[in-house]
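S.K.: Take this structure, written in structure tokens, and hold onto it; I'll ask about it next.
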There are 2 protein chains.
Amino acid sequence: MSDDVLFDRVALIGIGLIGSSLARAMKQFGLARDITCSARSQASRDKALELGLVSRASADAASVAADADLVVLCTPVGTYAGLAAEIAPVLRPGTIVSDVGSVKMAVVQDVAPLLPEGVPFVPAHPIAGTEFSGPESGFAELFRGRWCLLTPPEGTDPVAVEKVAELWRRCGSMVEIMDAARHDRVLAITSHLPHLIAYTIVGTATDLEEDTRSEVIKFSASGFRDFTRIAASDPVMWRDIFLSNREAVLEVIQRFTEDLTALQRAIRRGEGDTLEDLFTRTRAIRRSIVDAKQA
Amino acid sequence: MSDDVLFDRVALIGIGLIGSSLARAMKQFGLARDITCSARSQASRDKALELGLVSRASADAASVAADADLVVLCTPVGTYAGLAAEIAPVLRPGTIVSDVGSVKMAVVQDVAPLLPEGVPFVPAHPIAGTEFSGPESGFAELFRGRWCLLTPPEGTDPVAVEKVAELWRRCGSMVEIMDAARHDRVLAITSHLPHLIAYTIVGTATDLEEDTRSEVIKFSASGFRDFTRIAASDPVMWRDIFLSNREAVLEVIQRFTEDLTALQRAIRRGEGDTLEDLFTRTRAIRRSIVDAKQA
């Protein structure tokens, strides 16, 4: 097992769904000699210790980051700047800082300038998740067969990048290096817009009169149900994603709204061919995703 | 088994996902002595016979409806008026006509006036489906644990309503009687709007430049992937649903667009509390659906 060890001490800042899944995967595959975490809530710290995910859990990020050789930010992206400022003074040269955030441009801007000389920042985004939160929701297989995108700024130490890449590959992920701006544009459409729309439609349903709302819940199968699962994702995490990827998200909302308006018009005017043409095209896209083994 | 038989001869007009699943369920539970079908395409007729779903498959709806005691329309709802006109002249008094369409007001208007005296129309909507089409995609368990909504017009023979209700209960469904207009309003939000939005967003993605589009497919996990599954549903069936439930669908699009515009504004202005409040409310709705055992 010692051959498999990639890091001596890993400090996870935050131990929710992703952080706890990473802890489990690192333990399962023997990737770290020691794992510690920090978490704001006592309940999360207690749970992480009780589950045996970490050897130590602290309320203070700096205290676990101080002697780590890998620090991974696993909190909502809106907290990164504050956390980076807290841990920066105690980081030893050679320590690698990484993260798991769903937005990358803002994260690079928030974190990289605060880190001391000799502490590389390797931004990472494992494209995996569920609608559940908290340390008890994680599982070691969450990342298996899923992409993990790394968006290191130009000039990032390539050895550090490769170490983080290897960590994710050992967790079962396929790793790809990508430009941060491009990452944010692609994820705006594949992930951020779908979540925003799911939140919107479920919100629209909650605003219905009481009797209709109860029927909406009762007869939610087929369509709505899938949206409610997406719209059950962590509220704070997603608030931060939309605020941090504002420009790209606003741009795809604009495109989406134009397209929806065109369909609305086709329905109002009874233009069946317009509808059928689109619905036939979208079926083909599904086929591509099934072929790409991402279904 | 003969105790279980509800109908001597059932004629399925159309033998796609729902029609073929109903045929399989009726066979499995011994609900009909004989099942026949009509289908426009030779391929569907051949497949239905090859799979042993029906004893006879005809291109002519009237020829199978003529000696049936239950006729079930299982084609896209836009075809109903034409089919009702075709079969009406051959229907024997006492025959029950039903359907499986996702829209009910338009269906009642299209079909009921064309049927002869003594032939009751019992509109039904099994809330079940997958993104796959055709007789080979069906399975007997499709309706198990799912709702089937019946929307009989006032004055419909209660014995006929109860026979159709019993058919669906025997297929494993929970049956509820509902007003057609109310059905269409509830389904507009639980099913029709989610499908329209999924079609839209997948369409928006297909319009991206080629290189971005391939990355959208590659990194489709988490959000977009779920939309593509919904947007892979049968194009003609869904075209007809939107055209037939136009008023209710346009009304929910309007509400949805207002809500999306408010969120767009909150993102532009950086109003995190507005986002977090909504996302917390929507999480609670998911909980209701899980509690209602519809997840």
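As shown in the structure tokens, the chain order sets the letters A, B, ...; within each chain, residues go from 1, and ligands are also counted from 1 in the order they appear.
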Take chain A, lay it over chain B with a least-squares fit on all the Cα atoms in order, then hand it over as a compact mmCIF listing (two decimals) with C-alpha atoms, in the first residue's frame.
M.R.:
# COMPACT_ATOMS: atom_id res chain seq x y z
CA MET A 1 -57.04 -17.08 -14.90
CA SER A 2 -60.49 -16.75 -16.50
CA ASP A 3 -61.67 -14.98 -13.32
CA ASP A 4 -59.21 -12.22 -14.05
CA VAL A 5 -60.42 -11.53 -17.58
CA LEU A 6 -61.94 -8.06 -17.85
CA PHE A 7 -62.40 -7.85 -21.64
CA ASP A 8 -62.93 -10.40 -24.39
CA ARG A 9 -61.29 -8.49 -27.20
CA VAL A 10 -59.11 -5.45 -26.78
CA ALA A 11 -58.04 -3.45 -29.83
CA LEU A 12 -55.02 -1.20 -29.35
CA ILE A 13 -54.88 1.60 -31.90
CA GLY A 14 -51.11 2.16 -31.99
CA ILE A 15 -48.54 -0.18 -30.46
CA GLY A 16 -45.66 2.06 -29.32
CA LEU A 17 -44.14 2.32 -25.84
CA ILE A 18 -47.47 2.68 -24.00
CA GLY A 19 -49.61 0.45 -26.22
CA SER A 20 -47.10 -2.38 -26.15
CA SER A 21 -46.60 -2.03 -22.39
CA LEU A 22 -50.37 -2.24 -21.91
CA ALA A 23 -50.48 -5.35 -24.14
CA ARG A 24 -47.72 -6.95 -22.07
CA ALA A 25 -49.42 -6.07 -18.77
CA MET A 26 -52.81 -7.37 -19.98
CA LYS A 27 -51.17 -10.62 -21.04
CA GLN A 28 -49.17 -10.97 -17.83
CA PHE A 29 -52.22 -10.44 -15.63
CA GLY A 30 -54.66 -12.27 -17.93
CA LEU A 31 -56.94 -9.27 -18.37
CA ALA A 32 -58.05 -9.88 -21.98
CA ARG A 33 -58.93 -13.03 -23.95
CA ASP A 34 -57.64 -11.55 -27.18
CA ILE A 35 -55.57 -8.49 -28.08
CA THR A 36 -55.27 -7.01 -31.55
CA CYS A 37 -53.66 -3.82 -32.76
CA SER A 38 -53.50 -1.43 -35.63
CA ALA A 39 -50.38 0.50 -36.59
CA ARG A 40 -49.52 2.65 -39.55
CA SER A 41 -46.03 1.25 -40.03
CA GLN A 42 -45.39 -2.25 -41.30
CA ALA A 43 -42.33 -2.46 -39.03
CA SER A 44 -44.43 -1.86 -35.90
CA ARG A 45 -47.04 -4.42 -36.99
CA ASP A 46 -44.36 -7.02 -37.71
CA LYS A 47 -42.62 -6.35 -34.40
CA ALA A 48 -45.87 -6.58 -32.40
CA LEU A 49 -46.65 -9.96 -33.99
CA GLU A 50 -43.07 -11.20 -33.63
CA LEU A 51 -43.09 -10.29 -29.92
CA GLY A 52 -46.39 -12.13 -29.53
CA LEU A 53 -48.08 -9.03 -28.13
CA VAL A 54 -51.16 -9.35 -30.35
CA SER A 55 -53.02 -12.04 -32.28
CA ARG A 56 -53.56 -9.75 -35.26
CA ALA A 57 -52.03 -6.47 -36.46
CA SER A 58 -53.68 -4.40 -39.16
CA ALA A 59 -52.98 -1.14 -40.95
CA ASP A 60 -56.70 -0.40 -40.65
CA ALA A 61 -57.94 0.79 -37.25
CA ALA A 62 -61.58 0.07 -38.12
CA SER A 63 -60.87 -3.58 -38.89
CA VAL A 64 -59.54 -4.28 -35.39
CA ALA A 65 -62.02 -1.97 -33.61
CA ALA A 66 -65.01 -3.64 -35.26
CA ASP A 67 -65.32 -6.64 -32.97
CA ALA A 68 -63.60 -5.28 -29.84
CA ASP A 69 -65.27 -4.61 -26.52
CA LEU A 70 -62.46 -2.22 -25.55
CA VAL A 71 -60.69 0.08 -28.00
CA VAL A 72 -57.70 2.03 -26.63
CA LEU A 73 -56.19 4.89 -28.62
CA CYS A 74 -52.40 4.67 -28.07
CA THR A 75 -51.20 7.05 -30.81
CA PRO A 76 -50.09 10.70 -30.59
CA VAL A 77 -53.10 12.79 -29.54
CA GLY A 78 -53.11 14.73 -32.81
CA THR A 79 -54.33 11.60 -34.61
CA TYR A 80 -57.34 10.96 -32.37
CA ALA A 81 -60.00 12.92 -34.29
CA GLY A 82 -59.14 11.16 -37.56
CA LEU A 83 -59.04 7.75 -35.91
CA ALA A 84 -62.32 8.30 -34.07
CA ALA A 85 -63.97 9.19 -37.39
CA GLU A 86 -62.53 6.02 -38.96
CA ILE A 87 -63.66 3.62 -36.25
CA ALA A 88 -66.99 5.23 -35.28
CA PRO A 89 -69.04 3.56 -38.08
CA VAL A 90 -67.99 0.04 -37.05
CA LEU A 91 -68.21 0.31 -33.25
CA ARG A 92 -70.84 -1.93 -31.64
CA PRO A 93 -72.99 -0.52 -28.83
CA GLY A 94 -71.45 -1.50 -25.50
CA THR A 95 -67.88 -1.18 -26.76
CA ILE A 96 -65.82 1.12 -24.53
CA VAL A 97 -63.38 3.55 -26.13
CA SER A 98 -60.47 4.80 -24.04
CA ASP A 99 -57.05 6.31 -24.64
CA VAL A 100 -53.69 6.94 -22.98
CA GLY A 101 -53.03 10.54 -24.08
CA SER A 102 -51.20 13.12 -21.99
CA VAL A 103 -53.77 15.85 -22.74
CA LYS A 104 -57.42 15.42 -21.85
CA MET A 105 -59.61 18.46 -22.73
CA ALA A 106 -58.72 18.40 -26.42
CA VAL A 107 -59.05 14.62 -26.50
CA VAL A 108 -62.55 14.70 -25.07
CA GLN A 109 -63.52 17.38 -27.59
CA ASP A 110 -61.97 15.46 -30.49
CA VAL A 111 -63.29 11.99 -29.74
CA ALA A 112 -66.51 12.03 -27.71
CA PRO A 113 -68.78 13.77 -30.26
CA LEU A 114 -67.82 11.30 -33.02
CA LEU A 115 -68.70 8.11 -31.14
CA PRO A 116 -72.09 6.50 -31.72
CA GLU A 117 -74.82 6.32 -29.08
CA GLY A 118 -74.10 3.58 -26.54
CA VAL A 119 -70.30 3.75 -26.96
CA PRO A 120 -68.88 5.47 -23.88
CA PHE A 121 -65.54 7.31 -24.02
CA VAL A 122 -63.43 6.95 -20.88
CA PRO A 123 -60.32 9.15 -21.27
CA ALA A 124 -57.30 7.84 -19.36
CA HIS A 125 -53.76 9.04 -18.80
CA PRO A 126 -51.28 6.61 -17.29
CA ILE A 127 -48.50 8.83 -15.89
CA ALA A 128 -45.64 6.62 -16.94
CA GLY A 129 -43.15 6.50 -19.75
CA THR A 130 -39.54 6.41 -20.79
CA GLU A 131 -37.58 8.22 -23.47
CA PHE A 132 -37.81 5.18 -25.75
CA SER A 133 -40.39 4.57 -28.48
CA GLY A 134 -41.80 1.64 -30.40
CA PRO A 135 -43.30 -1.79 -29.58
CA GLU A 136 -39.91 -3.21 -28.57
CA SER A 137 -39.50 -0.57 -25.81
CA GLY A 138 -42.53 -1.53 -23.73
CA PHE A 139 -42.55 -3.61 -20.55
CA ALA A 140 -45.34 -4.98 -18.38
CA GLU A 141 -44.16 -3.21 -15.20
CA LEU A 142 -44.23 0.30 -16.68
CA PHE A 143 -47.46 1.24 -14.89
CA ARG A 144 -46.75 -0.36 -11.54
CA GLY A 145 -46.97 2.08 -8.64
CA ARG A 146 -47.77 4.95 -11.00
CA TRP A 147 -50.91 7.06 -11.20
CA CYS A 148 -53.48 6.65 -13.93
CA LEU A 149 -55.84 9.62 -14.20
CA LEU A 150 -59.31 9.16 -15.68
CA THR A 151 -61.20 12.24 -16.85
CA PRO A 152 -64.67 11.02 -17.93
CA PRO A 153 -67.00 13.81 -19.08
CA GLU A 154 -70.14 14.30 -16.97
CA GLY A 155 -72.71 11.63 -17.72
CA THR A 156 -70.24 8.95 -18.83
CA ASP A 157 -71.55 5.46 -18.03
CA PRO A 158 -70.16 4.73 -14.54
CA VAL A 159 -69.91 1.01 -15.29
CA ALA A 160 -67.57 1.74 -18.22
CA VAL A 161 -65.51 4.11 -16.08
CA GLU A 162 -65.15 1.45 -13.39
CA LYS A 163 -64.11 -1.19 -15.95
CA VAL A 164 -61.34 1.03 -17.30
CA ALA A 165 -60.32 1.95 -13.74
CA GLU A 166 -60.10 -1.74 -12.86
CA LEU A 167 -57.99 -2.44 -15.96
CA TRP A 168 -55.38 0.08 -14.77
CA ARG A 169 -55.51 -1.06 -11.18
CA ARG A 170 -54.84 -4.62 -12.36
CA CYS A 171 -51.84 -3.23 -14.29
CA GLY A 172 -50.52 -2.00 -10.96
CA SER A 173 -51.55 1.66 -11.14
CA MET A 174 -53.28 3.89 -8.62
CA VAL A 175 -56.37 5.34 -10.30
CA GLU A 176 -57.87 8.76 -9.70
CA ILE A 177 -60.84 10.46 -11.35
CA MET A 178 -60.19 14.08 -12.25
CA ASP A 179 -61.71 16.95 -14.16
CA ALA A 180 -60.15 17.19 -17.65
CA ALA A 181 -59.39 20.93 -17.41
CA ARG A 182 -57.72 20.46 -14.04
CA HIS A 183 -55.74 17.51 -15.39
CA ASP A 184 -54.42 19.67 -18.22
CA ARG A 185 -53.39 22.49 -15.87
CA VAL A 186 -51.60 20.16 -13.44
CA LEU A 187 -49.84 18.21 -16.20
CA ALA A 188 -48.84 21.45 -17.92
CA ILE A 189 -46.56 22.15 -14.97
CA THR A 190 -45.53 18.65 -13.91
CA SER A 191 -44.85 17.27 -17.35
CA HIS A 192 -45.39 19.54 -20.34
CA LEU A 193 -43.32 22.52 -19.16
CA PRO A 194 -40.41 20.31 -17.96
CA HIS A 195 -40.34 18.61 -21.35
CA LEU A 196 -40.52 21.91 -23.23
CA ILE A 197 -37.67 23.31 -21.14
CA ALA A 198 -35.55 20.21 -21.59
CA TYR A 199 -36.11 20.37 -25.35
CA THR A 200 -35.20 24.06 -25.30
CA ILE A 201 -31.98 23.76 -23.34
CA VAL A 202 -30.77 20.78 -25.33
CA GLY A 203 -31.63 22.73 -28.47
CA THR A 204 -29.70 25.74 -27.16
CA ALA A 205 -26.70 23.45 -26.71
CA THR A 206 -26.97 22.02 -30.23
CA ASP A 207 -26.77 25.55 -31.62
CA LEU A 208 -23.35 26.15 -30.04
CA GLU A 209 -20.25 26.23 -32.20
CA GLU A 210 -19.03 22.75 -33.04
CA ASP A 211 -16.08 22.60 -30.60
CA THR A 212 -18.13 23.79 -27.64
CA ARG A 213 -20.91 21.38 -28.55
CA SER A 214 -18.59 18.40 -28.42
CA GLU A 215 -17.38 19.49 -24.98
CA VAL A 216 -20.97 19.91 -23.82
CA ILE A 217 -21.61 16.29 -24.76
CA LYS A 218 -18.36 15.13 -23.21
CA PHE A 219 -18.96 16.89 -19.91
CA SER A 220 -22.71 16.41 -19.79
CA ALA A 221 -22.77 14.76 -16.37
CA SER A 222 -24.54 16.65 -13.61
CA GLY A 223 -27.59 18.48 -14.89
CA PHE A 224 -27.52 18.54 -18.67
CA ARG A 225 -27.51 14.76 -18.97
CA ASP A 226 -30.87 14.52 -17.18
CA PHE A 227 -32.32 17.10 -19.56
CA THR A 228 -31.12 15.18 -22.60
CA ARG A 229 -32.92 12.08 -21.39
CA ILE A 230 -36.19 14.01 -21.13
CA ALA A 231 -35.50 15.72 -24.47
CA ALA A 232 -35.09 12.32 -26.15
CA SER A 233 -38.82 11.63 -25.78
CA ASP A 234 -40.93 10.94 -28.86
CA PRO A 235 -40.99 14.05 -31.10
CA VAL A 236 -44.43 13.57 -32.68
CA MET A 237 -46.11 12.65 -29.43
CA TRP A 238 -44.74 15.77 -27.78
CA ARG A 239 -45.49 18.05 -30.74
CA ASP A 240 -49.12 16.99 -30.41
CA ILE A 241 -49.16 17.48 -26.64
CA PHE A 242 -47.99 21.10 -26.92
CA LEU A 243 -50.43 21.89 -29.72
CA SER A 244 -53.32 20.20 -27.89
CA ASN A 245 -52.70 21.74 -24.48
CA ARG A 246 -51.74 25.13 -25.87
CA GLU A 247 -53.53 27.44 -23.42
CA ALA A 248 -52.36 25.74 -20.24
CA VAL A 249 -48.80 25.36 -21.57
CA LEU A 250 -48.58 29.02 -22.65
CA GLU A 251 -49.79 30.08 -19.23
CA VAL A 252 -47.12 28.11 -17.34
CA ILE A 253 -44.41 29.24 -19.76
CA GLN A 254 -45.43 32.78 -18.87
CA ARG A 255 -45.15 32.14 -15.13
CA PHE A 256 -41.86 30.31 -15.58
CA THR A 257 -40.37 33.11 -17.69
CA GLU A 258 -41.30 35.71 -15.09
CA ASP A 259 -39.64 33.65 -12.38
CA LEU A 260 -36.53 33.05 -14.48
CA THR A 261 -36.29 36.76 -15.26
CA ALA A 262 -36.40 37.53 -11.54
CA LEU A 263 -33.54 35.08 -10.90
CA GLN A 264 -31.58 36.49 -13.83
CA ARG A 265 -31.94 39.92 -12.25
CA ALA A 266 -30.83 38.58 -8.85
CA ILE A 267 -27.71 37.07 -10.43
CA ARG A 268 -26.93 40.28 -12.34
CA ARG A 269 -27.28 42.35 -9.17
CA GLY A 270 -25.41 39.82 -7.00
CA GLU A 271 -28.40 39.26 -4.69
CA GLY A 272 -27.23 36.06 -3.01
CA ASP A 273 -30.04 35.97 -0.44
CA THR A 274 -32.74 35.84 -3.12
CA LEU A 275 -31.01 32.86 -4.70
CA GLU A 276 -30.37 31.03 -1.44
CA ASP A 277 -33.97 31.55 -0.26
CA LEU A 278 -35.40 30.03 -3.43
CA PHE A 279 -32.93 27.14 -3.48
CA THR A 280 -33.83 26.32 0.12
CA ARG A 281 -37.57 26.32 -0.69
CA THR A 282 -37.12 24.04 -3.69
CA ARG A 283 -35.18 21.55 -1.60
CA ALA A 284 -38.24 21.24 0.64
CA ILE A 285 -40.46 20.39 -2.36
CA ARG A 286 -38.16 17.50 -3.21
CA ARG A 287 -38.62 16.27 0.34
CA SER A 288 -42.43 16.29 -0.19
CA ILE A 289 -42.05 14.19 -3.32
CA VAL A 290 -39.80 11.70 -1.58
CA ASP A 291 -42.35 11.55 1.26
CA ALA A 292 -45.17 11.01 -1.27
CA LYS A 293 -43.17 8.03 -2.61
CA GLN A 294 -43.14 9.49 -6.13
CA ALA A 295 -39.34 9.86 -6.22
S.K.: List every residue of stretch 3-224 of chain A that DSSP, applied to the backbone of this structure, assigns to helix (DSSP H, G or I), and report them as a VMD selection string.
M.R.: chain A and resid 3 to 4 17 to 28 42 to 50 61 to 65 77 to 90 105 to 114 135 to 137 140 to 143 158 to 170 180 to 206 210 to 218 224
S.K.: Could you write out the selected residues, including C-alpha atoms, as a CSV table (one decimal), in the first residue's frame?
M.R.:
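What landed in out07.csv:
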chain,number,residue,atom,x,y,z
A,3,ASP,CA,3.6,2.5,-3.0
A,4,ASP,CA,0.2,4.0,-3.6
A,17,LEU,CA,-20.5,15.5,0.0
A,18,ILE,CA,-17.4,16.1,-2.1
A,19,GLY,CA,-14.8,16.4,0.7
A,20,SER,CA,-16.1,13.3,2.5
A,21,SER,CA,-16.2,11.3,-0.8
A,22,LEU,CA,-12.6,12.4,-1.5
A,23,ALA,CA,-11.6,11.3,2.0
A,24,ARG,CA,-13.3,7.9,1.5
A,25,ALA,CA,-11.6,7.4,-1.9
A,26,MET,CA,-8.2,8.4,-0.6
A,27,LYS,CA,-8.6,5.9,2.2
A,28,GLN,CA,-9.9,3.2,0.0
A,42,GLN,CA,-19.5,21.0,15.1
A,43,ALA,CA,-22.0,18.5,13.7
A,44,SER,CA,-19.9,18.0,10.6
A,45,ARG,CA,-16.7,17.7,12.6
A,46,ASP,CA,-18.2,15.1,14.9
A,47,LYS,CA,-19.7,13.1,12.0
A,48,ALA,CA,-16.4,13.1,10.1
A,49,LEU,CA,-14.6,11.8,13.2
A,50,GLU,CA,-17.3,9.3,13.9
A,61,ALA,CA,-8.7,25.9,8.7
A,62,ALA,CA,-5.2,27.2,9.4
A,63,SER,CA,-4.5,24.6,12.1
A,64,VAL,CA,-5.1,21.7,9.7
A,65,ALA,CA,-3.4,23.4,6.7
A,77,VAL,CA,-16.7,28.8,-3.7
A,78,GLY,CA,-17.9,32.0,-2.1
A,79,THR,CA,-15.8,31.1,1.0
A,80,TYR,CA,-12.5,30.6,-0.9
A,81,ALA,CA,-11.0,34.1,-0.7
A,82,GLY,CA,-11.6,34.2,3.1
A,83,LEU,CA,-10.1,30.7,3.6
A,84,ALA,CA,-7.1,31.4,1.4
A,85,ALA,CA,-6.4,34.5,3.5
A,86,GLU,CA,-6.7,32.5,6.7
A,87,ILE,CA,-4.4,29.6,5.6
A,88,ALA,CA,-1.8,31.6,3.6
A,89,PRO,CA,0.3,32.6,6.6
A,90,VAL,CA,0.8,29.0,7.7
A,105,MET,CA,-12.1,31.8,-13.2
A,106,ALA,CA,-13.3,33.4,-10.0
A,107,VAL,CA,-11.6,30.7,-7.9
A,108,VAL,CA,-8.2,31.4,-9.6
A,109,GLN,CA,-8.7,35.1,-9.1
A,110,ASP,CA,-9.7,34.7,-5.4
A,111,VAL,CA,-7.1,32.2,-4.3
A,112,ALA,CA,-3.9,32.3,-6.4
A,113,PRO,CA,-2.8,35.9,-5.5
A,114,LEU,CA,-3.1,35.2,-1.7
A,135,PRO,CA,-20.2,14.2,5.4
A,136,GLU,CA,-22.6,11.3,5.7
A,137,SER,CA,-23.7,11.6,2.1
A,140,ALA,CA,-15.7,6.5,-2.4
A,141,GLU,CA,-17.1,5.6,-5.8
A,142,LEU,CA,-18.6,9.1,-6.5
A,143,PHE,CA,-15.7,10.0,-8.9
A,158,PRO,CA,3.8,21.1,-13.7
A,159,VAL,CA,4.9,18.6,-11.1
A,160,ALA,CA,2.1,19.9,-8.8
A,161,VAL,CA,-0.4,19.7,-11.6
A,162,GLU,CA,0.6,16.1,-12.3
A,163,LYS,CA,0.3,15.1,-8.6
A,164,VAL,CA,-3.2,16.5,-8.4
A,165,ALA,CA,-4.1,14.8,-11.7
A,166,GLU,CA,-2.8,11.5,-10.4
A,167,LEU,CA,-4.8,11.9,-7.2
A,168,TRP,CA,-8.0,12.1,-9.3
A,169,ARG,CA,-7.0,9.3,-11.7
A,170,ARG,CA,-6.4,7.1,-8.7
A,180,ALA,CA,-10.5,28.3,-16.8
A,181,ALA,CA,-12.6,30.6,-19.0
A,182,ARG,CA,-13.5,27.8,-21.3
A,183,HIS,CA,-14.4,25.6,-18.3
A,184,ASP,CA,-16.8,28.2,-17.0
A,185,ARG,CA,-18.5,28.7,-20.4
A,186,VAL,CA,-19.0,24.9,-20.9
A,187,LEU,CA,-20.2,24.3,-17.4
A,188,ALA,CA,-22.5,27.3,-17.6
A,189,ILE,CA,-24.5,25.3,-20.2
A,190,THR,CA,-24.0,21.7,-19.0
A,191,SER,CA,-24.5,22.3,-15.3
A,192,HIS,CA,-25.3,25.9,-14.1
A,193,LEU,CA,-28.1,26.6,-16.5
A,194,PRO,CA,-29.8,23.2,-16.0
A,195,HIS,CA,-29.7,23.8,-12.2
A,196,LEU,CA,-31.0,27.3,-12.5
A,197,ILE,CA,-33.9,26.2,-14.6
A,198,ALA,CA,-34.7,23.3,-12.3
A,199,TYR,CA,-34.7,25.7,-9.4
A,200,THR,CA,-36.9,28.1,-11.3
A,201,ILE,CA,-39.5,25.5,-12.4
A,202,VAL,CA,-39.7,23.9,-9.0
A,203,GLY,CA,-40.1,27.4,-7.5
A,204,THR,CA,-42.8,28.2,-10.1
A,205,ALA,CA,-44.7,25.1,-8.8
A,206,THR,CA,-44.3,26.1,-5.1
A,210,GLU,CA,-52.2,25.1,-2.3
A,211,ASP,CA,-54.5,22.6,-3.9
A,212,THR,CA,-52.8,22.6,-7.2
A,213,ARG,CA,-49.4,22.4,-5.5
A,214,SER,CA,-50.4,19.2,-3.7
A,215,GLU,CA,-51.5,17.7,-7.0
A,216,VAL,CA,-48.2,18.7,-8.6
A,217,ILE,CA,-46.4,16.8,-5.9
A,218,LYS,CA,-48.7,13.8,-6.2
A,224,PHE,CA,-41.1,17.4,-12.9
S.K.: Please identify which residues in stretch 55-104 of chain B DSSP calls strand (DSSP E or B) from the backbone, and express them as a list in words.
M.R.: Arg56, Ala57, Ser58, Leu70, Val71, Val72, Leu73, Ile96, Val97, Ser98 and Asp99 of chain B
S.K.: Kindly export the residues of the current selection with N, CA and C atoms, as a PDB file, in the first residue's frame.
M.R.:
ATOM      1  N   ARG B  56     -53.418 -10.268 -33.893  1.00  0.00           N
ATOM      2  CA  ARG B  56     -53.601  -9.740 -35.245  1.00  0.00           C
ATOM      3  C   ARG B  56     -53.150  -8.293 -35.250  1.00  0.00           C
ATOM      4  N   ALA B  57     -52.506  -7.864 -36.333  1.00  0.00           N
ATOM      5  CA  ALA B  57     -52.062  -6.477 -36.463  1.00  0.00           C
ATOM      6  C   ALA B  57     -52.472  -5.991 -37.845  1.00  0.00           C
ATOM      7  N   SER B  58     -53.190  -4.875 -37.875  1.00  0.00           N
ATOM      8  CA  SER B  58     -53.714  -4.397 -39.152  1.00  0.00           C
ATOM      9  C   SER B  58     -53.303  -2.952 -39.382  1.00  0.00           C
ATOM     10  N   LEU B  70     -63.236  -3.369 -26.006  1.00  0.00           N
ATOM     11  CA  LEU B  70     -62.483  -2.206 -25.524  1.00  0.00           C
ATOM     12  C   LEU B  70     -61.532  -1.765 -26.630  1.00  0.00           C
ATOM     13  N   VAL B  71     -61.605  -0.496 -26.999  1.00  0.00           N
ATOM     14  CA  VAL B  71     -60.688   0.084 -27.979  1.00  0.00           C
ATOM     15  C   VAL B  71     -59.881   1.147 -27.249  1.00  0.00           C
ATOM     16  N   VAL B  72     -58.539   1.054 -27.316  1.00  0.00           N
ATOM     17  CA  VAL B  72     -57.704   2.032 -26.622  1.00  0.00           C
ATOM     18  C   VAL B  72     -56.840   2.766 -27.641  1.00  0.00           C
ATOM     19  N   LEU B  73     -57.022   4.073 -27.719  1.00  0.00           N
ATOM     20  CA  LEU B  73     -56.198   4.889 -28.604  1.00  0.00           C
ATOM     21  C   LEU B  73     -54.830   5.088 -27.946  1.00  0.00           C
ATOM     22  N   ILE B  96     -66.384  -0.035 -25.214  1.00  0.00           N
ATOM     23  CA  ILE B  96     -65.840   1.129 -24.510  1.00  0.00           C
ATOM     24  C   ILE B  96     -64.654   1.640 -25.318  1.00  0.00           C
ATOM     25  N   VAL B  97     -64.581   2.949 -25.493  1.00  0.00           N
ATOM     26  CA  VAL B  97     -63.402   3.547 -26.119  1.00  0.00           C
ATOM     27  C   VAL B  97     -62.638   4.292 -25.032  1.00  0.00           C
ATOM     28  N   SER B  98     -61.331   4.090 -24.995  1.00  0.00           N
ATOM     29  CA  SER B  98     -60.479   4.790 -24.038  1.00  0.00           C
ATOM     30  C   SER B  98     -59.212   5.250 -24.761  1.00  0.00           C
ATOM     31  N   ASP B  99     -58.299   5.869 -24.024  1.00  0.00           N
ATOM     32  CA  ASP B  99     -57.057   6.320 -24.639  1.00  0.00           C
ATOM     33  C   ASP B  99     -55.988   6.401 -23.559  1.00  0.00           C
TER      34      ASP B  99
END
